[in-house]
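Enquirer: This is the content of start_8.tsv (TSV, N, CA, C and O atoms):
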chain	number	residue	atom	x	y	z
A	1	MET	N	65.00	-20.04	129.34
A	1	MET	CA	64.88	-19.80	127.92
A	1	MET	C	66.18	-20.17	127.19
A	1	MET	O	66.14	-20.78	126.14
A	2	LYS	N	67.31	-19.81	127.80
A	2	LYS	CA	68.60	-20.10	127.17
A	2	LYS	C	68.81	-21.61	127.04
A	2	LYS	O	69.30	-22.09	126.01
A	3	ARG	N	68.42	-22.35	128.06
A	3	ARG	CA	68.57	-23.81	128.03
A	3	ARG	C	67.71	-24.41	126.92
A	3	ARG	O	68.14	-25.31	126.20
A	4	ALA	N	66.49	-23.89	126.76
A	4	ALA	CA	65.59	-24.39	125.72
A	4	ALA	C	66.16	-24.11	124.33
A	4	ALA	O	66.12	-24.97	123.44
A	5	LEU	N	66.70	-22.92	124.13
A	5	LEU	CA	67.29	-22.58	122.84
A	5	LEU	C	68.52	-23.44	122.55
A	5	LEU	O	68.74	-23.86	121.41
A	6	SER	N	69.30	-23.72	123.58
A	6	SER	CA	70.47	-24.58	123.41
A	6	SER	C	70.04	-26.00	123.03
A	6	SER	O	70.65	-26.64	122.17
A	7	ALA	N	68.99	-26.49	123.70
A	7	ALA	CA	68.47	-27.83	123.38
A	7	ALA	C	67.94	-27.87	121.95
A	7	ALA	O	68.19	-28.82	121.21
A	8	TYR	N	67.21	-26.83	121.57
A	8	TYR	CA	66.66	-26.75	120.21
A	8	TYR	C	67.79	-26.79	119.17
A	8	TYR	O	67.74	-27.55	118.20
A	9	ALA	N	68.83	-26.00	119.39
A	9	ALA	CA	69.95	-25.97	118.47
A	9	ALA	C	70.65	-27.33	118.40
A	9	ALA	O	71.03	-27.80	117.32
A	10	ALA	N	70.80	-27.97	119.55
A	10	ALA	CA	71.47	-29.27	119.59
A	10	ALA	C	70.65	-30.33	118.84
A	10	ALA	O	71.21	-31.15	118.11
A	11	VAL	N	69.34	-30.28	119.01
A	11	VAL	CA	68.49	-31.25	118.30
A	11	VAL	C	68.56	-31.00	116.79
A	11	VAL	O	68.65	-31.94	116.00
A	12	LEU	N	68.54	-29.74	116.38
A	12	LEU	CA	68.65	-29.44	114.95
A	12	LEU	C	69.99	-29.91	114.38
A	12	LEU	O	70.06	-30.37	113.23
A	13	ARG	N	71.05	-29.82	115.18
A	13	ARG	CA	72.35	-30.34	114.72
A	13	ARG	C	72.29	-31.86	114.54
A	13	ARG	O	72.89	-32.42	113.63
A	14	LEU	N	71.53	-32.53	115.41
A	14	LEU	CA	71.37	-33.98	115.27
A	14	LEU	C	70.57	-34.32	114.01
A	14	LEU	O	70.83	-35.33	113.36
A	15	VAL	N	69.60	-33.48	113.69
A	15	VAL	CA	68.79	-33.71	112.48
A	15	VAL	C	69.70	-33.75	111.25
A	15	VAL	O	69.45	-34.52	110.32
A	16	ARG	N	70.75	-32.95	111.26
A	16	ARG	CA	71.68	-32.93	110.12
A	16	ARG	C	72.41	-34.26	109.93
A	16	ARG	O	72.97	-34.52	108.87
A	17	ARG	N	72.42	-35.09	110.95
A	17	ARG	CA	73.08	-36.39	110.86
A	17	ARG	C	72.17	-37.46	110.28
A	17	ARG	O	72.62	-38.56	109.96
A	18	LEU	N	70.90	-37.15	110.17
A	18	LEU	CA	69.93	-38.11	109.65
A	18	LEU	C	70.05	-38.22	108.13
A	18	LEU	O	70.61	-37.33	107.48
A	19	PRO	N	69.48	-39.29	107.57
A	19	PRO	CA	69.47	-39.39	106.10
A	19	PRO	C	68.82	-38.15	105.48
A	19	PRO	O	67.85	-37.62	106.02
A	20	GLU	N	69.36	-37.73	104.37
A	20	GLU	CA	68.95	-36.46	103.76
A	20	GLU	C	67.45	-36.38	103.49
A	20	GLU	O	66.84	-35.33	103.69
A	21	ASP	N	66.84	-37.47	103.07
A	21	ASP	CA	65.42	-37.42	102.74
A	21	ASP	C	64.51	-37.31	103.97
A	21	ASP	O	63.34	-36.98	103.84
A	22	THR	N	65.04	-37.57	105.17
A	22	THR	CA	64.23	-37.48	106.39
A	22	THR	C	64.40	-36.15	107.12
A	22	THR	O	63.60	-35.82	108.00
A	23	ARG	N	65.41	-35.40	106.77
A	23	ARG	CA	65.73	-34.16	107.49
A	23	ARG	C	64.59	-33.15	107.51
A	23	ARG	O	64.29	-32.59	108.57
A	24	PRO	N	63.94	-32.86	106.37
A	24	PRO	CA	62.86	-31.86	106.42
A	24	PRO	C	61.74	-32.25	107.38
A	24	PRO	O	61.23	-31.42	108.13
A	25	TYR	N	61.38	-33.53	107.39
A	25	TYR	CA	60.32	-33.99	108.29
A	25	TYR	C	60.71	-33.76	109.75
A	25	TYR	O	59.94	-33.20	110.54
A	26	TYR	N	61.90	-34.21	110.13
A	26	TYR	CA	62.32	-34.09	111.53
A	26	TYR	C	62.60	-32.65	111.93
A	26	TYR	O	62.32	-32.26	113.07
A	27	ALA	N	63.11	-31.84	111.03
A	27	ALA	CA	63.33	-30.42	111.34
A	27	ALA	C	61.99	-29.74	111.63
A	27	ALA	O	61.87	-28.97	112.59
A	28	LYS	N	60.99	-30.05	110.83
A	28	LYS	CA	59.66	-29.48	111.05
A	28	LYS	C	59.06	-30.01	112.35
A	28	LYS	O	58.46	-29.26	113.13
A	29	TYR	N	59.23	-31.29	112.60
A	29	TYR	CA	58.71	-31.92	113.81
A	29	TYR	C	59.32	-31.28	115.05
A	29	TYR	O	58.61	-30.97	116.03
A	30	VAL	N	60.62	-31.06	115.02
A	30	VAL	CA	61.32	-30.45	116.15
A	30	VAL	C	60.79	-29.05	116.40
A	30	VAL	O	60.46	-28.68	117.53
A	31	ARG	N	60.69	-28.27	115.35
A	31	ARG	CA	60.21	-26.89	115.48
A	31	ARG	C	58.81	-26.85	116.05
A	31	ARG	O	58.52	-26.10	116.98
A	32	GLU	N	57.92	-27.68	115.52
A	32	GLU	CA	56.54	-27.71	116.01
A	32	GLU	C	56.48	-28.07	117.48
A	32	GLU	O	55.70	-27.47	118.23
A	33	ASN	N	57.29	-29.02	117.90
A	33	ASN	CA	57.26	-29.42	119.31
A	33	ASN	C	57.80	-28.33	120.22
A	33	ASN	O	57.24	-28.09	121.29
A	34	PHE	N	58.86	-27.69	119.82
A	34	PHE	CA	59.39	-26.61	120.66
A	34	PHE	C	58.40	-25.43	120.71
A	34	PHE	O	58.22	-24.83	121.76
A	35	VAL	N	57.75	-25.15	119.60
A	35	VAL	CA	56.75	-24.07	119.58
A	35	VAL	C	55.55	-24.44	120.45
A	35	VAL	O	55.04	-23.60	121.20
A	36	ASN	N	55.12	-25.69	120.40
A	36	ASN	CA	53.96	-26.12	121.20
A	36	ASN	C	54.19	-25.97	122.70
A	36	ASN	O	53.24	-25.76	123.45
A	37	TYR	N	55.43	-26.09	123.12
A	37	TYR	CA	55.72	-26.04	124.56
A	37	TYR	C	56.32	-24.72	125.01
A	37	TYR	O	56.81	-24.60	126.12
A	38	ARG	N	56.27	-23.71	124.18
A	38	ARG	CA	56.89	-22.43	124.56
A	38	ARG	C	56.15	-21.73	125.70
A	38	ARG	O	56.72	-20.86	126.34
A	39	ASP	N	54.91	-22.11	125.95
A	39	ASP	CA	54.14	-21.47	127.00
A	39	ASP	C	54.17	-22.22	128.33
A	39	ASP	O	53.42	-21.91	129.24
A	40	VAL	N	55.05	-23.20	128.44
A	40	VAL	CA	55.18	-23.95	129.69
A	40	VAL	C	55.65	-23.00	130.78
A	40	VAL	O	56.51	-22.14	130.56
A	41	GLU	N	55.08	-23.17	131.94
A	41	GLU	CA	55.41	-22.30	133.07
A	41	GLU	C	56.87	-22.49	133.48
A	41	GLU	O	57.30	-23.56	133.87
A	42	VAL	N	57.63	-21.41	133.37
A	42	VAL	CA	59.07	-21.47	133.65
A	42	VAL	C	59.33	-21.62	135.15
A	42	VAL	O	60.39	-22.10	135.55
A	43	SER	N	58.38	-21.25	135.95
A	43	SER	CA	58.57	-21.33	137.40
A	43	SER	C	58.41	-22.76	137.93
A	43	SER	O	58.62	-23.00	139.11
A	44	ASP	N	58.03	-23.69	137.05
A	44	ASP	CA	57.87	-25.09	137.46
A	44	ASP	C	59.03	-25.92	136.89
A	44	ASP	O	58.94	-26.45	135.79
A	45	PRO	N	60.13	-26.00	137.65
A	45	PRO	CA	61.31	-26.70	137.14
A	45	PRO	C	61.06	-28.18	136.85
A	45	PRO	O	61.68	-28.75	135.97
A	46	LYS	N	60.13	-28.80	137.57
A	46	LYS	CA	59.85	-30.22	137.33
A	46	LYS	C	59.27	-30.43	135.93
A	46	LYS	O	59.67	-31.35	135.22
A	47	SER	N	58.35	-29.57	135.52
A	47	SER	CA	57.77	-29.68	134.18
A	47	SER	C	58.82	-29.47	133.11
A	47	SER	O	58.85	-30.18	132.10
A	48	LEU	N	59.68	-28.49	133.33
A	48	LEU	CA	60.74	-28.22	132.36
A	48	LEU	C	61.69	-29.40	132.25
A	48	LEU	O	62.06	-29.80	131.15
A	49	ASP	N	62.08	-29.95	133.39
A	49	ASP	CA	62.99	-31.09	133.37
A	49	ASP	C	62.37	-32.28	132.64
A	49	ASP	O	63.04	-32.98	131.89
A	50	GLU	N	61.07	-32.49	132.84
A	50	GLU	CA	60.37	-33.56	132.13
A	50	GLU	C	60.43	-33.36	130.63
A	50	GLU	O	60.67	-34.31	129.87
A	51	LEU	N	60.21	-32.12	130.18
A	51	LEU	CA	60.26	-31.83	128.75
A	51	LEU	C	61.67	-32.03	128.18
A	51	LEU	O	61.82	-32.57	127.09
A	52	PHE	N	62.68	-31.61	128.92
A	52	PHE	CA	64.05	-31.80	128.46
A	52	PHE	C	64.41	-33.29	128.40
A	52	PHE	O	65.05	-33.73	127.45
A	53	HIS	N	63.97	-34.06	129.39
A	53	HIS	CA	64.20	-35.51	129.36
A	53	HIS	C	63.51	-36.13	128.16
A	53	HIS	O	64.07	-36.99	127.48
A	54	ARG	N	62.29	-35.71	127.91
A	54	ARG	CA	61.53	-36.24	126.77
A	54	ARG	C	62.23	-35.90	125.45
A	54	ARG	O	62.32	-36.74	124.56
A	55	ALA	N	62.72	-34.67	125.33
A	55	ALA	CA	63.43	-34.26	124.11
A	55	ALA	C	64.67	-35.13	123.90
A	55	ALA	O	64.95	-35.59	122.78
A	56	TYR	N	65.41	-35.36	124.97
A	56	TYR	CA	66.62	-36.17	124.87
A	56	TYR	C	66.28	-37.62	124.51
A	56	TYR	O	66.86	-38.19	123.58
A	57	ASN	N	65.31	-38.21	125.22
A	57	ASN	CA	64.94	-39.60	124.96
A	57	ASN	C	64.38	-39.80	123.55
A	57	ASN	O	64.70	-40.78	122.88
A	58	HIS	N	63.58	-38.87	123.10
A	58	HIS	CA	63.03	-38.99	121.76
A	58	HIS	C	64.14	-38.85	120.71
A	58	HIS	O	64.15	-39.55	119.70
A	59	SER	N	65.08	-37.96	120.97
A	59	SER	CA	66.21	-37.80	120.04
A	59	SER	C	67.02	-39.09	119.95
A	59	SER	O	67.43	-39.49	118.85
A	60	LEU	N	67.24	-39.73	121.08
A	60	LEU	CA	67.96	-41.01	121.06
A	60	LEU	C	67.19	-42.06	120.27
A	60	LEU	O	67.78	-42.84	119.51
A	61	TRP	N	65.88	-42.07	120.43
A	61	TRP	CA	65.06	-43.03	119.69
A	61	TRP	C	65.22	-42.84	118.19
A	61	TRP	O	65.41	-43.80	117.44
A	62	VAL	N	65.17	-41.59	117.74
A	62	VAL	CA	65.32	-41.30	116.31
A	62	VAL	C	66.72	-41.68	115.83
A	62	VAL	O	66.88	-42.28	114.76
A	63	LEU	N	67.74	-41.35	116.61
A	63	LEU	CA	69.11	-41.72	116.22
A	63	LEU	C	69.25	-43.23	116.09
A	63	LEU	O	69.84	-43.73	115.12
A	64	ASN	N	68.69	-43.96	117.04
A	64	ASN	CA	68.75	-45.42	116.98
A	64	ASN	C	67.98	-45.97	115.78
A	64	ASN	O	68.40	-46.94	115.16
A	65	LYS	N	66.87	-45.34	115.46
A	65	LYS	CA	66.06	-45.76	114.32
A	65	LYS	C	66.88	-45.74	113.04
A	65	LYS	O	66.72	-46.60	112.18
A	66	TYR	N	67.76	-44.76	112.91
A	66	TYR	CA	68.57	-44.62	111.71
A	66	TYR	C	70.02	-45.10	111.93
A	66	TYR	O	70.91	-44.76	111.17
A	67	SER	N	70.23	-45.89	112.98
A	67	SER	CA	71.53	-46.50	113.29
A	67	SER	C	72.66	-45.47	113.41
A	67	SER	O	73.77	-45.67	112.92
A	68	ILE	N	72.36	-44.38	114.08
A	68	ILE	CA	73.36	-43.35	114.34
A	68	ILE	C	73.78	-43.48	115.79
A	68	ILE	O	72.94	-43.61	116.68
A	69	ASP	N	75.07	-43.46	116.03
A	69	ASP	CA	75.62	-43.67	117.36
A	69	ASP	C	75.06	-42.63	118.35
A	69	ASP	O	75.03	-41.43	118.06
A	70	GLU	N	74.65	-43.11	119.50
A	70	GLU	CA	74.08	-42.24	120.54
A	70	GLU	C	75.07	-41.20	121.04
A	70	GLU	O	74.67	-40.17	121.58
A	71	SER	N	76.35	-41.45	120.87
A	71	SER	CA	77.34	-40.48	121.34
A	71	SER	C	77.21	-39.15	120.60
A	71	SER	O	77.71	-38.13	121.06
A	72	ALA	N	76.53	-39.15	119.47
A	72	ALA	CA	76.29	-37.91	118.73
A	72	ALA	C	75.44	-36.94	119.56
A	72	ALA	O	75.50	-35.73	119.35
A	73	ALA	N	74.68	-37.48	120.50
A	73	ALA	CA	73.80	-36.66	121.33
A	73	ALA	C	74.43	-36.24	122.65
A	73	ALA	O	73.73	-35.84	123.58
A	74	LYS	N	75.73	-36.31	122.74
A	74	LYS	CA	76.43	-35.97	123.99
A	74	LYS	C	76.12	-34.54	124.44
A	74	LYS	O	75.82	-34.30	125.61
A	75	LYS	N	76.18	-33.60	123.51
A	75	LYS	CA	75.92	-32.19	123.85
A	75	LYS	C	74.48	-32.02	124.34
A	75	LYS	O	74.22	-31.33	125.32
A	76	LEU	N	73.54	-32.67	123.65
A	76	LEU	CA	72.14	-32.59	124.06
A	76	LEU	C	71.95	-33.19	125.45
A	76	LEU	O	71.20	-32.64	126.27
A	77	LYS	N	72.64	-34.26	125.74
A	77	LYS	CA	72.57	-34.90	127.05
A	77	LYS	C	73.04	-33.92	128.14
A	77	LYS	O	72.40	-33.81	129.19
A	78	GLU	N	74.14	-33.21	127.87
A	78	GLU	CA	74.64	-32.24	128.84
A	78	GLU	C	73.63	-31.14	129.10
A	78	GLU	O	73.50	-30.66	130.23
A	79	ILE	N	72.92	-30.73	128.08
A	79	ILE	CA	71.93	-29.66	128.22
A	79	ILE	C	70.69	-30.16	128.95
A	79	ILE	O	70.19	-29.50	129.86
A	80	CYS	N	70.20	-31.32	128.55
A	80	CYS	CA	68.90	-31.79	129.03
A	80	CYS	C	68.93	-32.49	130.38
A	80	CYS	O	67.97	-32.45	131.12
A	81	LEU	N	70.03	-33.14	130.69
A	81	LEU	CA	70.05	-33.98	131.90
A	81	LEU	C	70.91	-33.40	133.01
A	81	LEU	O	71.64	-34.10	133.70
A	82	ARG	N	70.82	-32.11	133.20
A	82	ARG	CA	71.57	-31.52	134.31
A	82	ARG	C	70.74	-31.42	135.53
A	82	ARG	O	69.60	-31.48	135.58
Translate the structure of the given file into structure tokens.
Expert:
Amino acid sequence: MKRALSAYAAVLRLVRRLPEDTRPYYAKYVRENFVNYRDVEVSDPKSLDELFHRAYNHSLWVLNKYSIDESAAKKLKEICLR
């Protein structure tokens, strides 16, 4: 649970780097996705790791879409790819 909350906070911090007019959309998108997966079985580490990888990869895609340096996601990478 702590890792998920850390990832959520890190993604929201990345949203703040996006253009101002896109922030509400991505903040809502992030919240909806984290809420949708809150019932994932915690005892299955493979499923959790897949979700964390997906969160990281999708975040990189969005950063690249808006020409934001991927190094901004360093903290998220540490959380998701351990």
Enquirer: Determine the nearest neighbour of Lys74 of chain A from the options A:Leu18, A:Val35, A:Ala7, A:Ala27, counting only C-alpha atoms.
Expert: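 Of the candidates, the smallest distance to Lys74 of chain A is held by A:Ala7.
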Enquirer: With all atoms listed in the file as the atoms that count, which of A:Ser71, A:Leu81, A:Ala4, A:Leu14 lies nearest to Phe34 of chain A?
Expert: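 Using all atoms listed in the file, Phe34 of chain A sits closest to A:Ala4.
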Enquirer: Could you pull out every residue with an atom within 10 Å of (70.0, -34.7, 128.0), file coordinates, counting only C-alpha atoms, and send them as a PyMOL selection string?
Expert: chain A and resi 7+49+52-57+59-60+73-82
Enquirer: What is the distance between atom CA of Arg23 of chain A and atom CA of Val40 of chain A, in Å to one decimal?
Expert: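 Those two atoms sit 26.6 Å apart.
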Enquirer: I need the residues in chain A that are alpha helix (DSSP H) according to DSSP; give them as a ChimeraX atom specification.
Expert: /A:2-15,23-36,45-65,74-80
Enquirer: For the atom pair atom CA of Leu12 of chain A and atom CA of Trp61 of chain A, what is the interatomic distance in Å to one decimal place?
Expert: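 We find that atom CA of Leu12 of chain A and atom CA of Trp61 of chain A lie 14.8 Å from each other.
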Enquirer: Could you work out how far atom N of His58 of chain A lies from atom N of Tyr37 of chain A, giving the answer in Å with one decimal?
Expert: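 It comes out at 15.2 Å.
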Enquirer: With 3 Å added on each side, what axis-aligned box encloses every listed atom of segment 1-16 of chain A? Give the centre and edge lengths in Å to one decimal, as JSON.
Expert:
{"center_x": 68.9, "center_y": -27.6, "center_z": 119.1, "size_x": 14.1, "size_y": 21.5, "size_z": 26.5}
Enquirer: Rank nothing, just name the residue among A:Ala9, A:Val15, A:Arg3, A:Asn64 nearest to Leu51 of chain A, using only C-alpha atoms.
Expert: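 Among the listed residues, the smallest separation from Leu51 of chain A belongs to A:Arg3.
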